[in-house]
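**Student:** Contents are CSV, C-alpha atoms; file name query29.csv:
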```csv
chain,number,residue,atom,x,y,z
A,1,MET,CA,-11.7,-19.3,-5.5
A,2,LEU,CA,-10.6,-15.7,-5.1
A,3,SER,CA,-8.5,-14.9,-2.0
A,4,LYS,CA,-9.5,-12.0,0.3
A,5,VAL,CA,-7.0,-9.6,-1.3
A,6,GLN,CA,-8.2,-10.5,-4.8
A,7,LEU,CA,-11.7,-9.8,-3.8
A,8,ARG,CA,-10.6,-6.5,-2.4
A,9,LEU,CA,-9.0,-5.7,-5.8
A,10,GLN,CA,-12.2,-6.5,-7.7
A,11,PHE,CA,-14.2,-4.5,-5.2
A,12,LEU,CA,-11.9,-1.5,-5.8
A,13,VAL,CA,-12.4,-1.8,-9.6
A,14,LEU,CA,-16.1,-2.1,-9.0
A,15,LEU,CA,-16.0,1.2,-7.0
A,16,TRP,CA,-14.3,2.9,-9.8
A,17,GLY,CA,-16.9,1.5,-12.2
A,18,PHE,CA,-19.6,3.1,-10.0
A,19,THR,CA,-18.1,6.6,-10.3
A,20,GLY,CA,-19.6,7.1,-13.8
A,21,LEU,CA,-23.2,6.6,-12.4
A,22,PHE,CA,-22.8,9.8,-10.3
A,23,GLY,CA,-22.7,11.8,-13.5
A,24,LYS,CA,-26.5,11.0,-13.8
A,25,LEU,CA,-27.4,10.7,-10.2
A,26,VAL,CA,-26.1,14.2,-9.4
A,27,THR,CA,-28.2,16.8,-11.2
A,28,ILE,CA,-25.9,19.9,-10.9
A,29,SER,CA,-23.4,20.9,-13.6
A,30,SER,CA,-20.1,19.1,-14.2
A,31,LEU,CA,-17.8,21.9,-12.7
A,32,PRO,CA,-19.7,22.3,-9.4
A,33,MET,CA,-19.8,18.5,-9.2
A,34,VAL,CA,-16.0,18.2,-9.5
A,35,TRP,CA,-15.7,21.1,-7.0
A,36,PHE,CA,-17.5,19.0,-4.4
A,37,ARG,CA,-15.7,15.8,-5.3
A,38,MET,CA,-12.2,17.3,-5.0
A,39,SER,CA,-12.9,19.3,-1.8
A,40,THR,CA,-14.6,16.4,-0.1
A,41,ALA,CA,-11.8,14.0,-1.0
A,42,ALA,CA,-9.1,16.5,0.1
A,43,ILE,CA,-10.8,16.9,3.5
A,44,ALA,CA,-11.3,13.1,3.9
A,45,ILE,CA,-7.7,12.3,3.0
A,46,PHE,CA,-6.4,15.1,5.3
A,47,ILE,CA,-8.4,13.5,8.2
A,48,TYR,CA,-7.0,10.1,7.3
A,49,ILE,CA,-3.5,11.4,7.3
A,50,GLN,CA,-4.0,13.0,10.7
A,51,CYS,CA,-5.6,9.9,12.2
A,52,THR,CA,-2.8,7.7,11.0
A,53,LYS,CA,-0.2,10.3,12.3
A,54,LYS,CA,1.4,10.6,8.9
A,55,SER,CA,3.0,13.8,7.6
A,56,ILE,CA,2.0,15.9,4.6
A,57,ARG,CA,5.2,17.9,4.6
A,58,ILE,CA,7.1,17.6,1.4
A,59,GLN,CA,9.7,19.7,-0.6
A,60,LYS,CA,8.2,22.9,-1.9
A,61,LYS,CA,9.2,22.1,-5.5
A,62,TYR,CA,7.1,18.9,-5.3
A,63,ILE,CA,4.1,20.8,-3.9
A,64,ILE,CA,3.9,23.1,-6.9
A,65,GLN,CA,4.3,20.2,-9.3
A,66,LEU,CA,1.6,18.1,-7.6
A,67,LEU,CA,-0.8,21.0,-7.4
A,68,ALA,CA,-0.3,21.4,-11.2
A,69,ILE,CA,-1.0,17.7,-11.8
A,70,GLY,CA,-4.0,18.0,-9.6
A,71,GLY,CA,-5.3,20.6,-12.0
A,72,ILE,CA,-5.0,18.0,-14.8
A,73,VAL,CA,-6.9,15.5,-12.6
A,74,GLY,CA,-9.7,18.2,-12.1
A,75,LEU,CA,-10.0,18.8,-15.8
A,76,HIS,CA,-10.0,15.0,-16.4
A,77,TRP,CA,-13.0,14.6,-14.0
A,78,PHE,CA,-14.7,17.6,-15.5
A,79,THR,CA,-14.5,16.2,-19.1
A,80,PHE,CA,-15.5,12.7,-17.8
A,81,TYR,CA,-18.7,14.0,-16.2
A,82,GLN,CA,-19.4,16.4,-19.0
A,83,SER,CA,-19.2,13.5,-21.5
A,84,ILE,CA,-21.8,11.6,-19.4
A,85,LYS,CA,-24.1,14.7,-19.2
A,86,VAL,CA,-24.1,15.3,-22.9
A,87,SER,CA,-24.3,11.6,-23.9
A,88,ASN,CA,-24.4,8.7,-21.4
A,89,VAL,CA,-22.3,6.6,-19.0
A,90,ALA,CA,-21.5,3.9,-21.6
A,91,ILE,CA,-19.9,6.5,-24.0
A,92,ALA,CA,-17.8,8.1,-21.3
A,93,LEU,CA,-16.5,4.8,-20.0
A,94,SER,CA,-15.8,3.2,-23.4
A,95,THR,CA,-13.7,6.2,-24.5
A,96,LEU,CA,-11.6,5.8,-21.3
A,97,SER,CA,-10.0,2.8,-23.0
A,98,LEU,CA,-8.2,5.3,-25.2
A,99,GLY,CA,-5.9,5.9,-22.2
A,100,ALA,CA,-3.7,3.0,-23.5
A,101,LEU,CA,-3.3,4.8,-26.8
A,102,PHE,CA,-2.3,8.1,-25.2
A,103,THR,CA,0.0,6.4,-22.6
A,104,SER,CA,1.9,4.7,-25.4
A,105,ILE,CA,2.6,8.1,-26.9
A,106,ILE,CA,3.2,10.1,-23.7
A,107,GLU,CA,5.5,7.5,-21.9
A,108,PRO,CA,8.3,7.5,-24.5
A,109,ILE,CA,8.3,11.3,-24.4
A,110,ILE,CA,8.4,11.6,-20.6
A,111,PHE,CA,10.8,8.7,-20.0
A,112,ARG,CA,12.8,9.1,-23.3
A,113,ARG,CA,12.4,5.5,-24.2
A,114,LYS,CA,11.9,3.7,-27.5
A,115,VAL,CA,8.4,3.2,-28.8
A,116,VAL,CA,7.2,-0.4,-28.4
A,117,VAL,CA,5.8,-2.0,-31.6
A,118,SER,CA,3.0,-3.8,-29.7
A,119,GLU,CA,1.9,-0.5,-28.3
A,120,ILE,CA,1.6,1.0,-31.8
A,121,VAL,CA,-0.5,-2.0,-32.9
A,122,LEU,CA,-2.7,-1.6,-29.8
A,123,SER,CA,-3.1,2.1,-30.5
A,124,LEU,CA,-4.2,1.4,-34.0
A,125,ILE,CA,-6.8,-1.2,-32.8
A,126,VAL,CA,-8.2,1.1,-30.1
A,127,SER,CA,-8.3,4.1,-32.5
A,128,ALA,CA,-10.2,2.0,-35.1
A,129,CYS,CA,-12.7,0.9,-32.4
A,130,ILE,CA,-13.3,4.5,-31.4
A,131,VAL,CA,-13.9,5.5,-35.0
A,132,TRP,CA,-16.3,2.5,-35.2
A,133,ILE,CA,-18.2,3.7,-32.1
A,134,PHE,CA,-18.3,7.2,-33.5
A,135,GLN,CA,-19.9,6.0,-36.8
A,136,ALA,CA,-22.3,3.8,-34.9
A,137,SER,CA,-23.4,6.5,-32.5
A,138,PRO,CA,-23.1,9.9,-34.3
A,139,GLU,CA,-25.7,11.4,-32.0
A,140,TYR,CA,-23.2,11.2,-29.2
A,141,LYS,CA,-20.5,13.1,-31.1
A,142,LEU,CA,-20.0,15.7,-28.3
A,143,GLY,CA,-19.9,13.1,-25.6
A,144,ILE,CA,-17.2,11.1,-27.5
A,145,ILE,CA,-15.1,14.3,-28.0
A,146,TYR,CA,-15.2,15.0,-24.2
A,147,GLY,CA,-14.4,11.3,-23.6
A,148,VAL,CA,-11.4,11.4,-25.8
A,149,ILE,CA,-10.1,14.5,-24.0
A,150,CYS,CA,-10.8,12.9,-20.7
A,151,SER,CA,-8.8,9.7,-21.6
A,152,PHE,CA,-5.8,11.9,-22.8
A,153,LEU,CA,-5.8,13.8,-19.5
A,154,SER,CA,-6.1,10.5,-17.6
A,155,ALA,CA,-3.0,9.1,-19.4
A,156,LEU,CA,-1.1,12.3,-18.8
A,157,PHE,CA,-1.6,12.6,-15.1
A,158,SER,CA,-1.0,8.8,-14.6
A,159,VAL,CA,2.4,9.0,-16.4
A,160,LEU,CA,3.3,12.1,-14.5
A,161,ASN,CA,2.3,10.5,-11.2
A,162,SER,CA,4.6,7.6,-11.8
A,163,THR,CA,7.6,9.9,-11.6
A,164,TYR,CA,6.8,10.7,-7.9
A,165,LYS,CA,6.3,7.1,-6.6
A,166,ASP,CA,9.8,7.1,-5.0
A,167,LYS,CA,9.8,10.7,-3.9
A,168,VAL,CA,6.5,11.4,-2.1
A,169,SER,CA,4.1,9.2,-0.2
A,170,SER,CA,0.9,8.2,-2.0
A,171,SER,CA,-1.3,9.9,0.6
A,172,SER,CA,0.6,13.1,0.2
A,173,ILE,CA,0.4,12.9,-3.6
A,174,THR,CA,-3.3,12.4,-3.5
A,175,PHE,CA,-3.9,15.2,-1.0
A,176,TYR,CA,-2.0,17.9,-2.9
A,177,GLU,CA,-3.5,16.8,-6.2
A,178,MET,CA,-7.0,17.1,-4.7
A,179,VAL,CA,-6.2,20.6,-3.4
A,180,GLY,CA,-4.6,21.5,-6.8
A,181,GLY,CA,-7.7,20.3,-8.7
A,182,PHE,CA,-10.0,22.1,-6.3
A,183,LEU,CA,-8.1,25.4,-6.9
A,184,THR,CA,-8.1,24.9,-10.7
A,185,ILE,CA,-11.9,24.2,-10.7
A,186,ASN,CA,-12.4,27.4,-8.7
A,187,LEU,CA,-10.4,29.5,-11.2
A,188,ILE,CA,-12.3,28.0,-14.2
A,189,MET,CA,-15.7,28.6,-12.5
A,190,PHE,CA,-14.7,32.2,-11.8
A,191,GLY,CA,-13.5,32.7,-15.4
A,192,LEU,CA,-16.5,31.0,-17.1
A,193,ASP,CA,-19.5,31.9,-15.0
A,194,THR,CA,-19.7,33.0,-11.4
A,195,ASN,CA,-23.3,31.8,-11.4
A,196,LEU,CA,-21.9,28.3,-11.2
A,197,PHE,CA,-21.1,29.0,-7.5
A,198,GLN,CA,-24.9,29.3,-7.0
A,199,GLU,CA,-25.1,25.6,-7.8
A,200,VAL,CA,-22.6,25.0,-5.1
A,201,VAL,CA,-24.6,27.0,-2.5
A,202,HIS,CA,-28.0,25.6,-3.6
A,203,VAL,CA,-26.8,22.0,-4.2
A,204,GLY,CA,-29.8,20.4,-2.4
A,205,TRP,CA,-29.6,17.6,0.1
A,206,SER,CA,-30.0,14.8,-2.4
A,207,ASN,CA,-27.2,16.0,-4.5
A,208,PHE,CA,-25.1,16.8,-1.5
A,209,MET,CA,-25.4,13.2,-0.1
A,210,TRP,CA,-24.4,11.7,-3.4
A,211,LEU,CA,-21.4,14.0,-3.7
A,212,VAL,CA,-20.2,13.3,-0.1
A,213,LEU,CA,-20.5,9.5,-1.0
A,214,LEU,CA,-18.5,10.1,-4.2
A,215,GLY,CA,-15.8,12.1,-2.5
A,216,VAL,CA,-15.3,10.0,0.6
A,217,VAL,CA,-16.0,6.4,-0.5
A,218,PHE,CA,-15.4,6.4,-4.2
A,219,THR,CA,-12.5,8.8,-4.2
A,220,ALA,CA,-10.6,9.1,-0.9
A,221,PHE,CA,-11.2,5.5,0.3
A,222,ALA,CA,-10.7,4.1,-3.2
A,223,GLN,CA,-7.4,5.8,-3.5
A,224,ILE,CA,-6.1,4.8,-0.1
A,225,GLU,CA,-7.3,1.2,-0.8
A,226,ALA,CA,-5.4,1.2,-4.1
A,227,VAL,CA,-2.2,2.2,-2.3
A,228,ASN,CA,-2.7,-0.5,0.3
A,229,LEU,CA,-3.2,-3.2,-2.5
A,230,PHE,CA,0.2,-2.4,-3.9
A,231,LYS,CA,1.6,-4.4,-1.0
A,232,TYR,CA,0.0,-7.5,-2.5
A,233,PHE,CA,-0.1,-6.9,-6.2
A,234,THR,CA,2.3,-5.6,-8.9
A,235,PRO,CA,1.3,-2.4,-10.7
A,236,TYR,CA,0.9,-4.5,-13.8
A,237,THR,CA,-1.7,-6.8,-12.1
A,238,ILE,CA,-3.7,-3.8,-10.8
A,239,LEU,CA,-3.6,-2.1,-14.2
A,240,LEU,CA,-4.8,-5.2,-15.9
A,241,ASN,CA,-7.8,-5.4,-13.5
A,242,VAL,CA,-8.6,-1.7,-13.9
A,243,ASN,CA,-9.4,-2.4,-17.6
A,244,LEU,CA,-12.5,-4.1,-16.3
A,245,GLU,CA,-13.8,-0.7,-15.0
A,246,PRO,CA,-15.7,0.1,-18.2
A,247,VAL,CA,-17.2,-3.4,-18.2
A,248,TYR,CA,-18.5,-3.0,-14.6
A,249,GLY,CA,-19.6,0.6,-15.2
A,250,ILE,CA,-21.5,-0.1,-18.4
A,251,ILE,CA,-23.3,-3.1,-16.8
A,252,LEU,CA,-24.2,-1.1,-13.7
A,253,ALA,CA,-25.4,1.9,-15.7
A,254,SER,CA,-27.7,-0.4,-17.8
A,255,ILE,CA,-29.1,-1.9,-14.6
A,256,VAL,CA,-29.7,1.5,-12.9
A,257,PHE,CA,-30.7,3.7,-15.8
A,258,GLY,CA,-32.2,1.1,-18.2
A,259,GLU,CA,-33.2,2.3,-21.7
A,260,SER,CA,-31.1,5.5,-21.7
A,261,GLU,CA,-27.9,3.4,-21.6
A,262,LYS,CA,-28.8,1.0,-24.4
A,263,MET,CA,-26.5,1.3,-27.4
A,264,HIS,CA,-26.2,-0.1,-30.9
A,265,PRO,CA,-24.7,-3.7,-31.0
A,266,GLU,CA,-21.6,-2.2,-32.8
A,267,PHE,CA,-20.9,-0.2,-29.6
A,268,TYR,CA,-20.6,-3.3,-27.4
A,269,ILE,CA,-18.5,-5.2,-30.0
A,270,ALA,CA,-16.1,-2.3,-30.4
A,271,THR,CA,-15.8,-1.8,-26.6
A,272,ALA,CA,-15.2,-5.5,-26.1
A,273,ILE,CA,-12.4,-5.5,-28.8
A,274,MET,CA,-10.7,-2.5,-27.1
A,275,ILE,CA,-10.7,-4.0,-23.7
A,276,LEU,CA,-9.6,-7.5,-24.8
A,277,SER,CA,-6.8,-5.9,-26.9
A,278,ILE,CA,-5.6,-4.0,-23.9
A,279,ILE,CA,-5.6,-7.1,-21.7
A,280,ALA,CA,-3.9,-9.2,-24.4
A,281,ASN,CA,-1.2,-6.6,-24.8
A,282,GLY,CA,-0.6,-6.5,-21.1
A,283,ILE,CA,-0.3,-10.3,-20.9
A,284,ILE,CA,2.1,-10.4,-23.9
A,285,LYS,CA,4.3,-7.6,-22.4
A,286,SER,CA,4.4,-9.4,-19.1
A,287,ARG,CA,5.6,-12.6,-20.7
A,288,ILE,CA,8.2,-10.8,-22.7
A,289,ASN,CA,9.5,-9.1,-19.5
A,290,LYS,CA,9.7,-12.4,-17.7
A,291,THR,CA,11.7,-14.1,-20.5
A,292,SER,CA,14.1,-11.2,-20.8
A,293,LYS,CA,15.1,-11.5,-17.1
```
Since I need it in another form, could you write the structure as structure tokens?

**Tutor:**
Amino acid sequence: MLSKVQLRLQFLVLLWGFTGLFGKLVTISSLPMVWFRMSTAAIAIFIYIQCTKKSIRIQKKYIIQLLAIGGIVGLHWFTFYQSIKVSNVAIALSTLSLGALFTSIIEPIIFRRKVVVSEIVLSLIVSACIVWIFQASPEYKLGIIYGVICSFLSALFSVLNSTYKDKVSSSSITFYEMVGGFLTINLIMFGLDTNLFQEVVHVGWSNFMWLVLLGVVFTAFAQIEAVNLFKYFTPYTILLNVNLEPVYGIILASIVFGESEKMHPEFYIATAIMILSIIANGIIKSRINKTSK
């Protein structure tokens, strides 16, 4: 039977699995949607920091760097929701599994370490599965492209974030990144089409309530809970469980949206292979690390 902290971890992954559903529940465009998500999360985290009497003061050089990473987070969320809006939740979540592939490429560059053979094998398997999904669902070509970009950005900011874990508190990291992402989205909206701000002004009560829920519960609360769970679990254990996010998300989307989320059988086979490969790779690496100590 699962303990209370294990149930909390599964609940957290379930929350992350839910975030994809908002791409369909919210009817405004992707950029205004991310504008609301990041601004609401930033406000919620700021209130949390004030209530817990923590400080958000950090070195100026870190502020600039975290704001820049926040811009990457903002672009990640934009491409994620854009993938959903031009295809469906299942496509967007399945392509997120490519994060393992991109991480295996980015990590050796950032940390200047040797490439691990098992990661290369994993990358080939995941890449083959994405090609399989692409061939099985050519009608979702644009959604897959956005999903691939989304997974690359996810891997990039995750690796960059790991360089700050001993320098800045997690709440401060999240706060400055939300602000950075918010500023980035504003610049993009100004550059692309100022009419996008009309969607912000005329968001509608239904959309607004969904967006507040997304920003406060599924972003701010989820991030704070993730930080708290690091007291009980290793990063490896949490990462291993996060691989269940596409599974939860695809199941939830099929329940909520029905026919629009049904895919070819090849899609589910390829997605299952990807997720199982990532989990198996994590278990193998964990055992290797234990025997080498």

**Student:** For Val89 of chain A, which residue out of A:Val26, A:Met178, A:Ile43, A:Leu252 is the nearest one, using all atoms listed in the file?

**Tutor:**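 The shortest atom-to-atom distance to Val89 of chain A comes from A:Leu252.
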
**Student:** Which residues come within 12 Å of Asp193 of chain A, counting all atoms listed in the file, excluding same-chain residues fewer than 6 positions away, as a list in words?

**Tutor:**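 Surrounding residues, per the criterion: Ser29, Leu31, Pro32, Ile185, Asn186, Leu187 and Glu199 of chain A.
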
**Student:** Can you tell me how far atom CA of Ile84 of chain A sits from atom CA of Gly147 of chain A, in Å to one decimal?

**Tutor:**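 Answer for the atom CA of Ile84 of chain A to atom CA of Gly147 of chain A separation: 8.5 Å.
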
**Student:** Just give me the gap between atom CA of Val13 of chain A and atom CA of Gln135 of chain A in Å, one decimal is fine.

**Tutor:** 29.3 Å

**Student:** Go through A:Trp210, A:Trp35, A:Phe218, A:Phe257 and flag the residue nearest Phe18 of chain A, using all atoms listed in the file for the distances.

**Tutor:**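 Among the listed residues, A:Phe218 lies closest to Phe18 of chain A.
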